[in-house]
Amino acid sequence: MKALELRLPPILVFLVFACIMYFLAQTLPVGVFDFFGRKVLVYGLAGLGLLIGLLAVLRFLKKGASLNPHHPEHGTVLVVGGVYDFSRNPMYLALLLV
């Protein structure tokens with residue numbers, strides 16, 4: 001087994017867990033967690049996550065780097081600058097925020 005062997009793409013893991021969380025929220029009787037400004041917070045964090053993800057992907061494309069996590073050996077450049085000045089891995093940060 002290789003040290004960086006990747007079986008599932010991160011976006012697929014994100015979607016699977018998002019579906020599980022939605023299903024559990026609809027079926028478990030745990031009550032409602034509501035507070036003033038909840039929707040503003042939800043949309044703000046999701047929007048920030050989408051923006052960070054978009055900027056990270058655009059930075060990768062601008063540098064000519066590979067977005068395919070299954071083949072890290074195809075990476076020929078180190079992407080720095082932009083959102084990468086603030087986060088080591090802004091694509092995962094974006095998924096977390098969304």
# chains A, B, ... in the order shown; residues from 1 in each chain; ligands from 1
call {"tool": "residues_around", "arguments": {"residues": "range 75-80 of chain A", "least_positions_apart": "4", "cutoff": "10 Å", "atoms": "only C-alpha atoms", "output": "PDB file with N, CA and C atoms, in the first residue's frame"}}
result
ATOM      1  N   ALA A  56      -9.611  28.556  -5.041  1.00  0.00           N
ATOM      2  CA  ALA A  56      -8.560  27.532  -4.986  1.00  0.00           C
ATOM      3  C   ALA A  56      -8.473  26.773  -6.306  1.00  0.00           C
ATOM      4  N   ARG A  59      -6.985  28.958  -8.986  1.00  0.00           N
ATOM      5  CA  ARG A  59      -5.534  29.103  -8.792  1.00  0.00           C
ATOM      6  C   ARG A  59      -4.802  27.877  -9.335  1.00  0.00           C
ATOM      7  N   PHE A  60      -5.371  26.680  -9.087  1.00  0.00           N
ATOM      8  CA  PHE A  60      -4.785  25.450  -9.624  1.00  0.00           C
ATOM      9  C   PHE A  60      -4.775  25.484 -11.147  1.00  0.00           C
ATOM     10  N   LEU A  61      -5.890  25.885 -11.747  1.00  0.00           N
ATOM     11  CA  LEU A  61      -5.979  25.910 -13.208  1.00  0.00           C
ATOM     12  C   LEU A  61      -5.033  26.943 -13.803  1.00  0.00           C
ATOM     13  N   LYS A  62      -4.896  28.087 -13.133  1.00  0.00           N
ATOM     14  CA  LYS A  62      -4.003  29.142 -13.623  1.00  0.00           C
ATOM     15  C   LYS A  62      -2.548  28.679 -13.630  1.00  0.00           C
ATOM     16  N   LYS A  63      -2.167  27.898 -12.619  1.00  0.00           N
ATOM     17  CA  LYS A  63      -0.789  27.405 -12.515  1.00  0.00           C
ATOM     18  C   LYS A  63      -0.554  26.152 -13.362  1.00  0.00           C
ATOM     19  N   GLY A  64      -1.622  25.576 -13.932  1.00  0.00           N
ATOM     20  CA  GLY A  64      -1.480  24.371 -14.740  1.00  0.00           C
ATOM     21  C   GLY A  64      -1.283  23.115 -13.909  1.00  0.00           C
ATOM     22  N   ALA A  65      -1.758  23.120 -12.668  1.00  0.00           N
ATOM     23  CA  ALA A  65      -1.620  21.966 -11.780  1.00  0.00           C
ATOM     24  C   ALA A  65      -2.781  21.007 -12.003  1.00  0.00           C
ATOM     25  N   SER A  66      -2.573  19.763 -11.632  1.00  0.00           N
ATOM     26  CA  SER A  66      -3.597  18.730 -11.785  1.00  0.00           C
ATOM     27  C   SER A  66      -4.557  18.767 -10.604  1.00  0.00           C
ATOM     28  N   LEU A  67      -5.855  18.701 -10.881  1.00  0.00           N
ATOM     29  CA  LEU A  67      -6.865  18.654  -9.830  1.00  0.00           C
ATOM     30  C   LEU A  67      -7.206  17.223  -9.439  1.00  0.00           C
ATOM     31  N   ASN A  68      -6.599  16.245 -10.081  1.00  0.00           N
ATOM     32  CA  ASN A  68      -6.908  14.846  -9.835  1.00  0.00           C
ATOM     33  C   ASN A  68      -6.122  14.341  -8.628  1.00  0.00           C
ATOM     34  N   PRO A  69      -6.812  14.062  -7.496  1.00  0.00           N
ATOM     35  CA  PRO A  69      -6.092  13.607  -6.302  1.00  0.00           C
ATOM     36  C   PRO A  69      -5.606  12.160  -6.401  1.00  0.00           C
ATOM     37  N   HIS A  71      -3.733  10.957  -8.735  1.00  0.00           N
ATOM     38  CA  HIS A  71      -2.411  10.908  -9.351  1.00  0.00           C
ATOM     39  C   HIS A  71      -1.563  12.103  -8.910  1.00  0.00           C
ATOM     40  N   TYR A  84      -4.011  30.321  -0.999  1.00  0.00           N
ATOM     41  CA  TYR A  84      -3.010  29.441  -0.397  1.00  0.00           C
ATOM     42  C   TYR A  84      -2.076  30.205   0.544  1.00  0.00           C
ATOM     43  N   ASP A  85      -2.131  31.536   0.552  1.00  0.00           N
ATOM     44  CA  ASP A  85      -1.397  32.323   1.543  1.00  0.00           C
ATOM     45  C   ASP A  85      -2.036  32.206   2.925  1.00  0.00           C
ATOM     46  N   PHE A  86      -3.333  31.882   2.969  1.00  0.00           N
ATOM     47  CA  PHE A  86      -4.081  31.858   4.219  1.00  0.00           C
ATOM     48  C   PHE A  86      -4.396  30.459   4.712  1.00  0.00           C
ATOM     49  N   SER A  87      -4.384  29.484   3.830  1.00  0.00           N
ATOM     50  CA  SER A  87      -4.728  28.122   4.210  1.00  0.00           C
ATOM     51  C   SER A  87      -3.829  27.138   3.472  1.00  0.00           C
ATOM     52  N   ARG A  88      -3.398  26.106   4.158  1.00  0.00           N
ATOM     53  CA  ARG A  88      -2.549  25.094   3.531  1.00  0.00           C
ATOM     54  C   ARG A  88      -3.329  24.311   2.480  1.00  0.00           C
TER      55      ARG A  88
END
call {"tool": "select_by_dssp", "arguments": {"residues": "range 14-79 of chain A", "states": "alpha helix (DSSP H)", "output": "PyMOL selection string"}}
result
chain A and resi 14-27+38-63
call {"tool": "atom_distance", "arguments": {"atom1": "CA of Gly81 in chain A", "atom2": "CA of Leu54 in chain A"}}
result
14.4 Å
call {"tool": "residues_around", "arguments": {"residues": "Leu97 in chain A", "least_positions_apart": "4", "cutoff": "6 Å", "atoms": "only C-alpha atoms", "output": "PyMOL selection string"}}
result
chain A and resi 45-46+49
call {"tool": "atom_distance", "arguments": {"atom1": "CA of Val16 in chain A", "atom2": "CA of Tyr92 in chain A"}}
result
15.1 Å
call {"tool": "atom_distance", "arguments": {"atom1": "CA of Leu28 in chain A", "atom2": "CA of Val42 in chain A"}}
result
20.7 Å
call {"tool": "residues_around", "arguments": {"residues": "Leu93 in chain A", "least_positions_apart": "2", "cutoff": "10 Å", "atoms": "only C-alpha atoms", "output": "list of chain:residue names"}}
result
A:Leu48, A:Gly49, A:Leu50, A:Ile52, A:Gly53, A:Ser87, A:Arg88, A:Asn89, A:Pro90, A:Met91, A:Leu95, A:Leu96, A:Leu97, A:Val98
call {"tool": "write_last_selection", "arguments": {"atoms": "N, CA and C atoms", "output": "PDB file, in the first residue's frame"}}
result
ATOM      1  N   LEU A  48     -19.144  31.532   1.720  1.00  0.00           N
ATOM      2  CA  LEU A  48     -17.710  31.679   1.917  1.00  0.00           C
ATOM      3  C   LEU A  48     -16.967  30.423   1.479  1.00  0.00           C
ATOM      4  N   GLY A  49     -17.530  29.258   1.795  1.00  0.00           N
ATOM      5  CA  GLY A  49     -16.927  27.998   1.376  1.00  0.00           C
ATOM      6  C   GLY A  49     -16.890  27.856  -0.133  1.00  0.00           C
ATOM      7  N   LEU A  50     -17.990  28.210  -0.794  1.00  0.00           N
ATOM      8  CA  LEU A  50     -18.021  28.140  -2.260  1.00  0.00           C
ATOM      9  C   LEU A  50     -17.015  29.105  -2.881  1.00  0.00           C
ATOM     10  N   ILE A  52     -14.180  30.294  -1.477  1.00  0.00           N
ATOM     11  CA  ILE A  52     -12.823  29.790  -1.234  1.00  0.00           C
ATOM     12  C   ILE A  52     -12.511  28.624  -2.166  1.00  0.00           C
ATOM     13  N   GLY A  53     -13.474  27.710  -2.327  1.00  0.00           N
ATOM     14  CA  GLY A  53     -13.269  26.570  -3.222  1.00  0.00           C
ATOM     15  C   GLY A  53     -13.059  26.995  -4.661  1.00  0.00           C
ATOM     16  N   SER A  87      -4.384  29.484   3.830  1.00  0.00           N
ATOM     17  CA  SER A  87      -4.728  28.122   4.210  1.00  0.00           C
ATOM     18  C   SER A  87      -3.829  27.138   3.472  1.00  0.00           C
ATOM     19  N   ARG A  88      -3.398  26.106   4.158  1.00  0.00           N
ATOM     20  CA  ARG A  88      -2.549  25.094   3.531  1.00  0.00           C
ATOM     21  C   ARG A  88      -3.329  24.311   2.480  1.00  0.00           C
ATOM     22  N   ASN A  89      -4.612  24.055   2.744  1.00  0.00           N
ATOM     23  CA  ASN A  89      -5.437  23.329   1.796  1.00  0.00           C
ATOM     24  C   ASN A  89      -6.833  23.951   1.760  1.00  0.00           C
ATOM     25  N   PRO A  90      -7.001  25.020   0.986  1.00  0.00           N
ATOM     26  CA  PRO A  90      -8.286  25.713   0.967  1.00  0.00           C
ATOM     27  C   PRO A  90      -9.420  24.896   0.355  1.00  0.00           C
ATOM     28  N   MET A  91      -9.114  23.866  -0.448  1.00  0.00           N
ATOM     29  CA  MET A  91     -10.196  23.050  -1.004  1.00  0.00           C
ATOM     30  C   MET A  91     -10.892  22.261   0.102  1.00  0.00           C
ATOM     31  N   LEU A  95     -14.809  22.664   1.611  1.00  0.00           N
ATOM     32  CA  LEU A  95     -15.749  21.575   1.850  1.00  0.00           C
ATOM     33  C   LEU A  95     -16.254  21.601   3.301  1.00  0.00           C
ATOM     34  N   LEU A  96     -15.371  21.900   4.240  1.00  0.00           N
ATOM     35  CA  LEU A  96     -15.768  21.983   5.640  1.00  0.00           C
ATOM     36  C   LEU A  96     -16.780  23.106   5.858  1.00  0.00           C
ATOM     37  N   LEU A  97     -16.546  24.264   5.257  1.00  0.00           N
ATOM     38  CA  LEU A  97     -17.468  25.391   5.433  1.00  0.00           C
ATOM     39  C   LEU A  97     -18.829  25.129   4.805  1.00  0.00           C
ATOM     40  N   VAL A  98     -18.823  24.509   3.640  1.00  0.00           N
ATOM     41  CA  VAL A  98     -20.109  24.207   2.988  1.00  0.00           C
ATOM     42  C   VAL A  98     -20.843  23.162   3.804  1.00  0.00           C
TER      43      VAL A  98
END
call {"tool": "decode", "arguments": {"residues": "chain A", "atoms": "C-alpha atoms", "output": "tab-separated table (two decimals), in the first residue's frame"}}
result
chain	number	residue	atom	x	y	z
A	1	MET	CA	0.00	0.00	0.00
A	2	LYS	CA	1.40	3.37	-1.00
A	3	ALA	CA	1.62	6.12	1.59
A	4	LEU	CA	-0.63	8.45	-0.42
A	5	GLU	CA	-2.97	5.85	-1.89
A	6	LEU	CA	-6.40	7.38	-2.29
A	7	ARG	CA	-9.46	5.21	-2.76
A	8	LEU	CA	-12.29	7.75	-2.84
A	9	PRO	CA	-12.13	11.33	-4.11
A	10	PRO	CA	-12.68	13.90	-1.35
A	11	ILE	CA	-15.74	15.38	-3.08
A	12	LEU	CA	-17.42	11.95	-3.04
A	13	VAL	CA	-16.71	11.54	0.67
A	14	PHE	CA	-18.17	15.03	1.22
A	15	LEU	CA	-21.36	14.19	-0.71
A	16	VAL	CA	-21.86	10.86	1.07
A	17	PHE	CA	-21.55	12.45	4.50
A	18	ALA	CA	-23.79	15.38	3.48
A	19	CYS	CA	-26.51	12.90	2.47
A	20	ILE	CA	-26.10	10.96	5.73
A	21	MET	CA	-26.35	14.17	7.77
A	22	TYR	CA	-29.48	15.24	5.87
A	23	PHE	CA	-31.09	11.81	6.37
A	24	LEU	CA	-30.32	11.83	10.10
A	25	ALA	CA	-31.63	15.38	10.48
A	26	GLN	CA	-34.92	14.33	8.87
A	27	THR	CA	-35.40	11.09	10.82
A	28	LEU	CA	-34.00	11.52	14.34
A	29	PRO	CA	-36.27	13.24	16.86
A	30	VAL	CA	-33.65	15.39	18.53
A	31	GLY	CA	-35.48	18.69	18.46
A	32	VAL	CA	-34.78	21.91	16.64
A	33	PHE	CA	-31.64	23.94	17.08
A	34	ASP	CA	-32.76	27.44	16.19
A	35	PHE	CA	-31.47	30.89	17.01
A	36	PHE	CA	-31.77	34.38	15.60
A	37	GLY	CA	-29.61	34.77	12.51
A	38	ARG	CA	-29.23	31.03	11.89
A	39	LYS	CA	-30.08	31.27	8.19
A	40	VAL	CA	-27.74	34.21	7.71
A	41	LEU	CA	-24.94	32.21	9.34
A	42	VAL	CA	-25.70	29.11	7.23
A	43	TYR	CA	-25.81	30.99	3.93
A	44	GLY	CA	-22.78	33.09	4.87
A	45	LEU	CA	-20.60	30.07	5.71
A	46	ALA	CA	-21.78	28.14	2.64
A	47	GLY	CA	-21.15	31.15	0.41
A	48	LEU	CA	-17.71	31.68	1.92
A	49	GLY	CA	-16.93	28.00	1.38
A	50	LEU	CA	-18.02	28.14	-2.26
A	51	LEU	CA	-15.96	31.29	-2.83
A	52	ILE	CA	-12.82	29.79	-1.23
A	53	GLY	CA	-13.27	26.57	-3.22
A	54	LEU	CA	-13.72	28.44	-6.48
A	55	LEU	CA	-10.65	30.61	-5.86
A	56	ALA	CA	-8.56	27.53	-4.99
A	57	VAL	CA	-9.62	25.67	-8.13
A	58	LEU	CA	-9.02	28.73	-10.31
A	59	ARG	CA	-5.53	29.10	-8.79
A	60	PHE	CA	-4.79	25.45	-9.62
A	61	LEU	CA	-5.98	25.91	-13.21
A	62	LYS	CA	-4.00	29.14	-13.62
A	63	LYS	CA	-0.79	27.40	-12.51
A	64	GLY	CA	-1.48	24.37	-14.74
A	65	ALA	CA	-1.62	21.97	-11.78
A	66	SER	CA	-3.60	18.73	-11.78
A	67	LEU	CA	-6.87	18.65	-9.83
A	68	ASN	CA	-6.91	14.85	-9.83
A	69	PRO	CA	-6.09	13.61	-6.30
A	70	HIS	CA	-5.64	10.02	-7.55
A	71	HIS	CA	-2.41	10.91	-9.35
A	72	PRO	CA	-0.32	13.26	-7.19
A	73	GLU	CA	2.74	12.24	-9.23
A	74	HIS	CA	1.36	14.31	-12.12
A	75	GLY	CA	1.78	17.45	-10.05
A	76	THR	CA	4.57	19.48	-11.59
A	77	VAL	CA	4.14	22.81	-9.81
A	78	LEU	CA	3.67	23.93	-6.24
A	79	VAL	CA	0.64	26.20	-6.03
A	80	VAL	CA	1.23	29.15	-3.73
A	81	GLY	CA	-0.30	32.59	-3.42
A	82	GLY	CA	-3.90	33.68	-3.45
A	83	VAL	CA	-6.01	31.73	-0.97
A	84	TYR	CA	-3.01	29.44	-0.40
A	85	ASP	CA	-1.40	32.32	1.54
A	86	PHE	CA	-4.08	31.86	4.22
A	87	SER	CA	-4.73	28.12	4.21
A	88	ARG	CA	-2.55	25.09	3.53
A	89	ASN	CA	-5.44	23.33	1.80
A	90	PRO	CA	-8.29	25.71	0.97
A	91	MET	CA	-10.20	23.05	-1.00
A	92	TYR	CA	-10.75	21.02	2.17
A	93	LEU	CA	-11.51	24.21	4.09
A	94	ALA	CA	-14.16	25.01	1.48
A	95	LEU	CA	-15.75	21.57	1.85
A	96	LEU	CA	-15.77	21.98	5.64
A	97	LEU	CA	-17.47	25.39	5.43
A	98	VAL	CA	-20.11	24.21	2.99
